>>> print(open('start20.pdb').read())   # PDB, C-alpha atoms
ATOM      1  CA  MET U   1       0.000   0.000   0.000
ATOM      2  CA  THR U   2       1.662   3.156  -1.199
ATOM      3  CA  GLU U   3       0.845   6.817  -0.798
ATOM      4  CA  ASP U   4      -0.650   6.796  -4.296
ATOM      5  CA  ASP U   5      -2.952   3.939  -3.282
ATOM      6  CA  LEU U   6      -3.974   5.916  -0.231
ATOM      7  CA  ASP U   7      -4.684   8.921  -2.437
ATOM      8  CA  ASP U   8      -6.988   6.740  -4.539
ATOM      9  CA  LEU U   9      -8.915   5.791  -1.411
ATOM     10  CA  PHE U  10      -9.138   9.417  -0.328
ATOM     11  CA  ALA U  11     -10.503  10.293  -3.753
ATOM     12  CA  VAL U  12     -13.256   7.707  -3.348
ATOM     13  CA  ALA U  13     -14.100   9.120   0.080
ATOM     14  CA  ARG U  14     -14.191  12.668  -1.302
ATOM     15  CA  SER U  15     -16.637  11.624  -3.966
ATOM     16  CA  GLU U  16     -19.044  10.303  -1.330
ATOM     17  CA  THR U  17     -21.208  13.289  -0.622
ATOM     18  CA  LEU U  18     -22.897  12.032   2.571
ATOM     19  CA  PRO U  19     -25.680  14.617   2.545
ATOM     20  CA  ALA U  20     -27.227  15.646   5.832
ATOM     21  CA  PRO U  21     -30.511  13.814   6.365
ATOM     22  CA  VAL U  22     -33.642  15.884   5.877
ATOM     23  CA  GLY U  23     -34.793  15.167   9.422
ATOM     24  CA  LEU U  24     -31.548  16.574  10.778
ATOM     25  CA  MET U  25     -31.991  19.805   8.840
ATOM     26  CA  ALA U  26     -35.482  20.180  10.214
ATOM     27  CA  ARG U  27     -34.320  19.627  13.795
ATOM     28  CA  VAL U  28     -31.497  22.146  13.441
ATOM     29  CA  ILE U  29     -33.821  24.828  12.096
ATOM     30  CA  SER U  30     -36.380  24.087  14.737
ATOM     31  CA  ASP U  31     -33.644  24.493  17.370
ATOM     32  CA  ALA U  32     -32.776  27.870  15.841
ATOM     33  CA  GLU U  33     -36.377  29.000  16.090
ATOM     34  CA  ALA U  34     -36.717  27.708  19.625
ATOM     35  CA  GLU U  35     -33.643  29.662  20.677
ATOM     36  CA  LEU U  36     -35.262  32.839  19.389
ATOM     37  CA  LEU U  37     -38.457  32.203  21.255
ATOM     38  CA  GLY U  38     -37.475  30.580  24.503
ATOM     39  CA  GLY U  39     -34.006  31.282  24.557
ATOM     40  CA  ASP U  40     -31.177  32.493  26.616
ATOM     41  CA  ALA U  41     -32.521  35.996  27.176
ATOM     42  CA  LEU U  42     -31.624  35.658  30.835
ATOM     43  CA  GLY U  43     -28.258  34.161  30.038
ATOM     44  CA  ARG U  44     -27.480  30.646  31.059
ATOM     45  CA  ALA U  45     -23.756  29.902  30.804
ATOM     46  CA  GLN U  46     -22.620  30.357  27.229
ATOM     47  CA  PRO U  47     -21.705  27.018  25.681
ATOM     48  CA  ARG U  48     -18.062  26.619  24.926
ATOM     49  CA  GLY U  49     -16.458  24.289  22.393
ATOM     50  CA  ARG U  50     -14.866  22.134  25.037
ATOM     51  CA  ARG U  51     -16.703  22.220  28.303
ATOM     52  CA  GLN U  52     -19.625  24.084  29.715
ATOM     53  CA  ALA U  53     -18.216  26.652  32.111
ATOM     54  CA  THR U  54     -20.135  26.462  35.322
ATOM     55  CA  GLY U  55     -20.065  28.487  38.452
ATOM     56  CA  LEU U  56     -21.676  31.527  39.920
ATOM     57  CA  PHE U  57     -19.523  34.060  38.084
ATOM     58  CA  THR U  58     -20.233  32.518  34.701
ATOM     59  CA  TYR U  59     -23.935  32.553  35.529
ATOM     60  CA  LEU U  60     -23.737  36.200  36.503
ATOM     61  CA  ALA U  61     -21.646  36.985  33.439
ATOM     62  CA  GLY U  62     -24.290  35.311  31.326
ATOM     63  CA  LEU U  63     -26.795  37.893  32.514
ATOM     64  CA  PHE U  64     -24.676  40.568  30.888
ATOM     65  CA  GLY U  65     -23.984  38.767  27.637
ATOM     66  CA  GLY U  66     -21.186  36.397  28.534
ATOM     67  CA  THR U  67     -17.743  36.537  30.068
ATOM     68  CA  GLY U  68     -16.441  37.946  26.790
ATOM     69  CA  ALA U  69     -18.705  40.934  27.071
ATOM     70  CA  LEU U  70     -17.540  41.482  30.623
ATOM     71  CA  ALA U  71     -13.884  41.589  29.686
ATOM     72  CA  GLY U  72     -13.804  45.356  29.826
ATOM     73  CA  MET U  73     -15.687  45.721  33.044
ATOM     74  CA  VAL U  74     -14.268  45.727  36.508
ATOM     75  CA  THR U  75     -15.204  42.401  38.042
ATOM     76  CA  ALA U  76     -15.885  43.916  41.435
ATOM     77  CA  THR U  77     -18.367  46.319  39.924
ATOM     78  CA  VAL U  78     -20.366  43.453  38.505
ATOM     79  CA  ALA U  79     -20.246  41.473  41.721
ATOM     80  CA  GLY U  80     -21.110  44.569  43.680
ATOM     81  CA  PHE U  81     -24.053  45.345  41.438
ATOM     82  CA  TRP U  82     -25.483  41.894  41.862
ATOM     83  CA  LEU U  83     -24.772  41.632  45.554
ATOM     84  CA  GLY U  84     -26.119  45.107  46.196
ATOM     85  CA  PHE U  85     -29.262  44.301  44.336
ATOM     86  CA  ALA U  86     -29.731  40.986  46.050
ATOM     87  CA  GLN U  87     -29.271  42.496  49.514
ATOM     88  CA  PRO U  88     -32.911  43.092  50.388
ATOM     89  CA  ALA U  89     -33.803  39.572  49.301
ATOM     90  CA  PRO U  90     -33.698  36.669  51.704
ATOM     91  CA  MET U  91     -30.981  33.995  51.602
ATOM     92  CA  SER U  92     -33.249  31.834  49.476
ATOM     93  CA  ALA U  93     -32.516  34.196  46.584
ATOM     94  CA  MET U  94     -28.822  33.326  46.838
ATOM     95  CA  SER U  95     -29.402  29.616  46.901
ATOM     96  CA  ALA U  96     -31.916  29.946  44.112
ATOM     97  CA  ALA U  97     -29.286  31.749  42.041
ATOM     98  CA  LEU U  98     -26.737  29.055  42.737
ATOM     99  CA  THR U  99     -29.109  26.330  41.674
ATOM    100  CA  GLY U 100     -30.398  28.351  38.732
ATOM    101  CA  THR U 101     -34.058  27.829  39.489
ATOM    102  CA  SER U 102     -36.598  29.978  37.735
ATOM    103  CA  ALA U 103     -37.788  31.433  41.049
ATOM    104  CA  GLU U 104     -34.581  33.489  41.069
ATOM    105  CA  ILE U 105     -35.601  35.204  37.876
ATOM    106  CA  ASP U 106     -38.497  36.861  39.604
ATOM    107  CA  MET U 107     -36.116  38.589  41.991
ATOM    108  CA  MET U 108     -34.256  40.410  39.274
ATOM    109  CA  PRO U 109     -35.394  43.542  37.525
ATOM    110  CA  GLY U 110     -36.333  43.241  33.904
ATOM    111  CA  ILE U 111     -33.072  43.271  32.086
ATOM    112  CA  ASP U 112     -34.466  43.168  28.597
ATOM    113  CA  ALA U 113     -33.518  46.816  28.254
ATOM    114  CA  LEU U 114     -29.880  45.869  28.751
ATOM    115  CA  LEU U 115     -30.070  43.162  26.121
ATOM    116  CA  ASP U 116     -32.050  44.894  23.414
ATOM    117  CA  GLU U 117     -30.370  46.108  20.300
ATOM    118  CA  ALA U 118     -30.604  49.851  19.883
ATOM    119  CA  PRO U 119     -34.021  50.623  18.372
TER     120      PRO U 119
ATOM    121  CA  MET L   1     -36.997  37.672  23.097
ATOM    122  CA  THR L   2     -38.195  37.954  19.544
ATOM    123  CA  MET L   3     -37.741  41.276  17.888
ATOM    124  CA  PRO L   4     -40.680  42.344  15.717
ATOM    125  CA  ARG L   5     -39.750  42.327  12.067
ATOM    126  CA  ASP L   6     -39.181  45.874  10.889
ATOM    127  CA  SER L   7     -40.244  46.257   7.262
ATOM    128  CA  ALA L   8     -37.140  48.333   6.581
ATOM    129  CA  PHE L   9     -35.058  45.212   7.249
ATOM    130  CA  GLU L  10     -37.078  42.742   5.237
ATOM    131  CA  THR L  11     -34.726  41.181   2.758
ATOM    132  CA  SER L  12     -35.450  39.103  -0.281
ATOM    133  CA  GLN L  13     -34.147  35.577  -0.504
ATOM    134  CA  ALA L  14     -31.489  36.596  -3.011
ATOM    135  CA  GLU L  15     -30.283  39.350  -0.722
ATOM    136  CA  ILE L  16     -30.130  37.004   2.235
ATOM    137  CA  ASN L  17     -28.205  34.442   0.225
ATOM    138  CA  ALA L  18     -25.594  37.054  -0.668
ATOM    139  CA  LEU L  19     -24.870  37.946   2.943
ATOM    140  CA  SER L  20     -21.751  36.810   4.773
ATOM    141  CA  ASP L  21     -22.008  34.253   7.553
ATOM    142  CA  ALA L  22     -21.315  36.936  10.156
ATOM    143  CA  ALA L  23     -24.049  39.170   8.759
ATOM    144  CA  LEU L  24     -26.464  36.255   8.790
ATOM    145  CA  LEU L  25     -25.669  35.602  12.432
ATOM    146  CA  VAL L  26     -26.422  39.213  13.279
ATOM    147  CA  LEU L  27     -29.730  38.961  11.399
ATOM    148  CA  TYR L  28     -30.538  35.720  13.161
ATOM    149  CA  ALA L  29     -29.745  37.210  16.580
ATOM    150  CA  ARG L  30     -32.259  39.936  15.790
ATOM    151  CA  GLY L  31     -34.961  37.357  15.242
ATOM    152  CA  ASP L  32     -34.707  36.402  11.581
ATOM    153  CA  SER L  33     -35.114  32.648  11.310
ATOM    154  CA  ASP L  34     -34.602  32.756   7.527
ATOM    155  CA  ALA L  35     -31.010  33.697   8.244
ATOM    156  CA  ALA L  36     -30.745  30.501  10.288
ATOM    157  CA  ARG L  37     -32.119  28.534   7.355
ATOM    158  CA  VAL L  38     -29.444  29.892   5.036
ATOM    159  CA  LEU L  39     -26.685  29.246   7.574
ATOM    160  CA  THR L  40     -27.968  25.704   8.028
ATOM    161  CA  GLY L  41     -27.933  25.157   4.283
ATOM    162  CA  ARG L  42     -24.390  26.430   4.057
ATOM    163  CA  HIS L  43     -22.819  24.595   6.987
ATOM    164  CA  LEU L  44     -24.818  21.633   8.238
ATOM    165  CA  GLY L  45     -23.735  19.301   5.437
ATOM    166  CA  ARG L  46     -20.063  19.854   6.117
ATOM    167  CA  VAL L  47     -20.462  19.531   9.879
ATOM    168  CA  TYR L  48     -22.439  16.287   9.552
ATOM    169  CA  ARG L  49     -20.064  14.771   7.007
ATOM    170  CA  PHE L  50     -17.009  15.591   9.105
ATOM    171  CA  ALA L  51     -18.608  14.137  12.245
ATOM    172  CA  ALA L  52     -19.683  11.033  10.327
ATOM    173  CA  ARG L  53     -16.155  10.348   9.132
ATOM    174  CA  VAL L  54     -14.564  11.045  12.492
ATOM    175  CA  LEU L  55     -17.083   8.981  14.468
ATOM    176  CA  GLY L  56     -17.749   6.323  11.826
ATOM    177  CA  ASP L  57     -21.411   6.361  12.810
ATOM    178  CA  ARG L  58     -24.185   8.310  11.085
ATOM    179  CA  ALA L  59     -26.598   8.404  14.004
ATOM    180  CA  GLU L  60     -23.976   9.784  16.369
ATOM    181  CA  ALA L  61     -22.917  12.232  13.680
ATOM    182  CA  GLU L  62     -26.478  13.561  13.542
ATOM    183  CA  ASP L  63     -26.455  14.199  17.282
ATOM    184  CA  VAL L  64     -23.080  15.920  17.173
ATOM    185  CA  ALA L  65     -24.065  18.027  14.160
ATOM    186  CA  GLN L  66     -27.273  19.145  15.839
ATOM    187  CA  ASP L  67     -25.358  19.981  19.007
ATOM    188  CA  ALA L  68     -22.738  21.984  17.085
ATOM    189  CA  MET L  69     -25.384  24.028  15.258
ATOM    190  CA  LEU L  70     -27.232  24.637  18.513
ATOM    191  CA  ARG L  71     -24.056  26.140  19.930
ATOM    192  CA  LEU L  72     -23.891  28.395  16.888
ATOM    193  CA  TRP L  73     -27.430  29.637  17.532
ATOM    194  CA  ARG L  74     -26.496  30.323  21.149
ATOM    195  CA  VAL L  75     -23.313  32.235  20.339
ATOM    196  CA  ALA L  76     -24.969  34.352  17.626
ATOM    197  CA  ARG L  77     -25.673  37.330  19.833
ATOM    198  CA  ASP L  78     -22.040  37.425  21.001
ATOM    199  CA  TRP L  79     -20.471  36.723  17.617
ATOM    200  CA  ARG L  80     -17.697  39.200  16.854
ATOM    201  CA  PRO L  81     -17.152  39.487  13.077
ATOM    202  CA  GLY L  82     -13.553  39.216  11.959
ATOM    203  CA  GLU L  83     -12.432  37.070  14.855
ATOM    204  CA  ALA L  84     -13.165  33.717  13.273
ATOM    205  CA  GLN L  85     -14.822  32.165  10.287
ATOM    206  CA  VAL L  86     -18.123  30.473  11.059
ATOM    207  CA  SER L  87     -16.970  27.383   9.148
ATOM    208  CA  SER L  88     -13.737  27.089  11.145
ATOM    209  CA  TRP L  89     -15.588  27.712  14.372
ATOM    210  CA  LEU L  90     -18.097  24.974  13.545
ATOM    211  CA  TYR L  91     -15.385  22.518  12.548
ATOM    212  CA  ARG L  92     -13.628  23.163  15.848
ATOM    213  CA  VAL L  93     -16.772  22.747  17.923
ATOM    214  CA  THR L  94     -17.583  19.552  16.027
ATOM    215  CA  ALA L  95     -14.058  18.187  16.461
ATOM    216  CA  ASN L  96     -14.229  18.744  20.204
ATOM    217  CA  LEU L  97     -17.722  17.299  20.504
ATOM    218  CA  CYS L  98     -16.500  14.207  18.665
ATOM    219  CA  ILE L  99     -13.592  13.807  21.045
ATOM    220  CA  ASP L 100     -15.873  14.245  24.058
ATOM    221  CA  ARG L 101     -18.238  11.656  22.691
ATOM    222  CA  GLN L 102     -15.517   9.155  21.969
ATOM    223  CA  ARG L 103     -13.981   9.526  25.395
ATOM    224  CA  ALA L 104     -17.302   9.223  27.170
ATOM    225  CA  ARG L 105     -18.337   5.952  25.706
ATOM    226  CA  ALA L 106     -16.435   2.706  25.950
ATOM    227  CA  ARG L 107     -14.354   1.930  22.920
ATOM    228  CA  ARG L 108     -16.366  -0.287  20.658
ATOM    229  CA  ARG L 109     -15.785  -1.529  17.211
ATOM    230  CA  THR L 110     -16.629   1.231  14.787
ATOM    231  CA  GLU L 111     -19.261   0.341  12.248
ATOM    232  CA  ALA L 112     -18.459   0.974   8.647
ATOM    233  CA  LEU L 113     -20.557   3.823   7.334
ATOM    234  CA  ASP L 114     -22.486   1.573   5.025
ATOM    235  CA  ASP L 115     -23.787  -0.475   7.935
ATOM    236  CA  VAL L 116     -26.251   2.313   8.513
ATOM    237  CA  ALA L 117     -28.806   2.064   5.749
ATOM    238  CA  ASP L 118     -28.917   5.026   3.453
ATOM    239  CA  PRO L 119     -32.394   5.085   1.921
ATOM    240  CA  ALA L 120     -31.374   7.661  -0.643
ATOM    241  CA  ASP L 121     -28.650   5.441  -2.043
ATOM    242  CA  ASP L 122     -29.858   4.069  -5.335
ATOM    243  CA  ARG L 123     -26.530   3.524  -7.032
ATOM    244  CA  ALA L 124     -26.610   0.621  -9.407
ATOM    245  CA  ASP L 125     -24.817  -2.471  -8.112
ATOM    246  CA  THR L 126     -22.222  -2.400 -10.808
ATOM    247  CA  GLU L 127     -18.841  -3.898 -10.167
ATOM    248  CA  SER L 128     -17.220  -0.491 -10.036
ATOM    249  CA  ALA L 129     -19.811   0.774  -7.582
ATOM    250  CA  LEU L 130     -19.208  -2.230  -5.358
ATOM    251  CA  MET L 131     -15.465  -1.715  -5.551
ATOM    252  CA  ALA L 132     -15.854   1.944  -4.658
ATOM    253  CA  ARG L 133     -18.019   0.924  -1.710
ATOM    254  CA  GLN L 134     -15.374  -1.547  -0.539
ATOM    255  CA  ARG L 135     -12.620   1.022  -0.822
ATOM    256  CA  ALA L 136     -14.614   3.611   1.102
ATOM    257  CA  ASP L 137     -15.390   1.106   3.838
ATOM    258  CA  ALA L 138     -11.782  -0.057   4.091
ATOM    259  CA  LEU L 139     -10.613   3.524   4.462
ATOM    260  CA  GLN L 140     -13.261   4.302   7.075
ATOM    261  CA  THR L 141     -12.335   1.215   9.105
ATOM    262  CA  ALA L 142      -8.654   2.133   8.910
ATOM    263  CA  LEU L 143      -9.455   5.712   9.953
ATOM    264  CA  ALA L 144     -11.193   4.379  13.043
ATOM    265  CA  SER L 145      -7.931   2.825  14.215
ATOM    266  CA  LEU L 146      -6.161   6.187  14.356
ATOM    267  CA  PRO L 147      -5.832   8.357  17.448
ATOM    268  CA  ASP L 148      -8.561  11.033  17.526
ATOM    269  CA  ARG L 149      -6.473  14.036  16.511
ATOM    270  CA  GLN L 150      -4.655  12.177  13.716
ATOM    271  CA  ARG L 151      -7.977  11.018  12.327
ATOM    272  CA  GLN L 152      -9.468  14.505  12.437
ATOM    273  CA  ALA L 153      -6.394  16.034  10.793
ATOM    274  CA  VAL L 154      -6.361  13.424   8.015
ATOM    275  CA  VAL L 155     -10.108  13.814   7.356
ATOM    276  CA  LEU L 156      -9.853  17.605   7.260
ATOM    277  CA  ARG L 157      -6.818  17.541   4.989
ATOM    278  CA  HIS L 158      -7.463  14.687   2.575
ATOM    279  CA  ILE L 159     -11.257  14.365   2.507
ATOM    280  CA  GLU L 160     -12.560  17.813   3.378
ATOM    281  CA  GLY L 161      -9.672  19.318   1.421
ATOM    282  CA  LEU L 162      -8.727  22.099   3.835
ATOM    283  CA  THR L 163      -5.290  23.720   3.922
ATOM    284  CA  ASN L 164      -2.840  23.183   6.754
ATOM    285  CA  PRO L 165      -3.289  26.741   8.098
ATOM    286  CA  GLU L 166      -7.060  26.253   8.134
ATOM    287  CA  ILE L 167      -6.701  22.964   9.972
ATOM    288  CA  ALA L 168      -4.289  24.592  12.430
ATOM    289  CA  THR L 169      -7.007  27.132  13.300
ATOM    290  CA  ILE L 170      -9.643  24.469  13.699
ATOM    291  CA  LEU L 171      -7.562  22.151  15.868
ATOM    292  CA  ASP L 172      -5.952  25.054  17.724
ATOM    293  CA  ILE L 173      -2.415  23.852  17.030
ATOM    294  CA  GLY L 174       0.510  25.067  14.919
ATOM    295  CA  VAL L 175       0.872  24.368  11.214
ATOM    296  CA  GLU L 176       3.866  22.135  11.852
ATOM    297  CA  ALA L 177       1.817  20.116  14.295
ATOM    298  CA  VAL L 178      -0.815  19.654  11.580
ATOM    299  CA  GLU L 179       1.797  18.413   9.134
ATOM    300  CA  SER L 180       3.113  16.026  11.751
ATOM    301  CA  LEU L 181      -0.382  14.708  12.491
ATOM    302  CA  THR L 182      -1.261  14.136   8.844
ATOM    303  CA  ALA L 183       2.088  12.503   8.094
ATOM    304  CA  ARG L 184       1.744  10.135  11.029
ATOM    305  CA  GLY L 185      -1.892   9.535  10.167
ATOM    306  CA  LYS L 186      -1.089   8.551   6.610
ATOM    307  CA  ARG L 187       1.674   6.207   7.756
ATOM    308  CA  ALA L 188      -0.738   4.601  10.211
ATOM    309  CA  LEU L 189      -3.413   4.237   7.513
ATOM    310  CA  THR L 190      -0.924   2.658   5.129
ATOM    311  CA  ALA L 191       0.014   0.186   7.828
ATOM    312  CA  ALA L 192      -3.627  -0.538   8.685
ATOM    313  CA  LEU L 193      -4.449  -1.185   5.031
ATOM    314  CA  ALA L 194      -1.384  -3.296   4.328
ATOM    315  CA  GLY L 195      -2.310  -6.569   2.729
ATOM    316  CA  GLN L 196      -5.606  -5.262   1.320
ATOM    317  CA  LYS L 197      -4.045  -3.789  -1.789
ATOM    318  CA  SER L 198      -5.136  -6.493  -4.197
ATOM    319  CA  ALA L 199      -8.493  -7.003  -2.522
ATOM    320  CA  LEU L 200      -9.231  -3.349  -3.143
ATOM    321  CA  GLY L 201      -8.049  -3.534  -6.733
ATOM    322  CA  LEU L 202      -5.180  -1.116  -6.198
TER     323      LEU L 202
END
>>> encode(input="start20.pdb", output="structure tokens")
Amino acid sequence: MTEDDLDDLFAVARSETLPAPVGLMARVISDAEAELLGGDALGRAQPRGRRQATGLFTYLAGLFGGTGALAGMVTATVAGFWLGFAQPAPMSAMSAALTGTSAEIDMMPGIDALLDEAP
Amino acid sequence: MTMPRDSAFETSQAEINALSDAALLVLYARGDSDAARVLTGRHLGRVYRFAARVLGDRAEAEDVAQDAMLRLWRVARDWRPGEAQVSSWLYRVTANLCIDRQRARARRRTEALDDVADPADDRADTESALMARQRADALQTALASLPDRQRQAVVLRHIEGLTNPEIATILDIGVEAVESLTARGKRALTAALAGQKSALGL
């Protein structure tokens, strides 16, 4: 088996088009639509290529558009904003935030204004 | 939240098709699902095909492809144009998802791609078609014996036809590392296929 033989095999593989199944296309588009409707407006941790980053900071960062978007902000300011806002709430708000339950969402102000594109 | 469609931004199909991937992502993030349709048409085939060759399993490839595209939908709002190509980004996500999947499950014998019935396949059973089928299967089986990164590099280089710099971006390694991977991969394939030369009509 020489390199030329291998090249012949590669050529056969290249000619195999392996089209994506129609069902797969439909599921992918339906996912896209679902993301628009349901979506991550309140920012769960942004998926990464390798591993899902977890943790309180990533959750908080997700509220402001991801850790990338936060790169220019002073971390303490963010933490202070959240902690200051959460102060009046009972401890259950903290644990709710850590477990990411939907009850926590009610405690936060509407942040759609922060996430909207400029009109 | 879904933005209401502003008539000033309504675009015809031809106009949408002419947009760059980055522009389509911006449109999509603003609520335009047609932009997602075009992006899917442009990229899903490649993502699925790559996953199928790396995993050697069509059903798993469908899952990985769907997962990769879902990550694209989720990153759309944060996408910064000029930092990466959507195609490279998708290849990289797919490559990593494949590695995750292969590490998570116990090593099992990889099925040849043709073990999964392809209902659309109506090629005539001519001798040349059968030989082509055998060659493709032999290559796929040999690919399965390679280490993950060698297999991905070889598929990207010799089947997907990407350049070494492109592959370096996707695999997040240097160009020399890509060359090393593909060279080792080809040597390993040659070894794995040794003795099948006449059976494959080569």
>>> closest_residue(input="start20.pdb", among="L:Gln13, L:Gln134, L:Gln85, L:Gln150", to="chain U", atoms="only C-alpha atoms")
L:Gln134
>>> interface_residues(input="start20.pdb", of="chain U", to="chain L", cutoff="6 Å", atoms="only C-alpha atoms", output="MDAnalysis selection string")
chainID U and resid 1 13:14 18:20 28 32 36:37 49:50
>>> atom_distance(input="start20.pdb", atom1="CA of Ala129 in chain L", atom2="CA of Ala199 in chain L")
14.6 Å
>>> residues_around(input="start20.pdb", residues="Asn164 in chain L", least_positions_apart="3", cutoff="8 Å", atoms="all atoms listed in the file", output="list of chain:residue names")
L:Arg157, L:Ile167, L:Ala168, L:Val175, L:Val178, L:Glu179
>>> atom_distance(input="start20.pdb", atom1="CA of Leu25 in chain L", atom2="CA of Ala76 in chain L")
5.4 Å
>>> atom_distance(input="start20.pdb", atom1="CA of Ala183 in chain L", atom2="CA of Leu9 in chain U")
16.0 Å
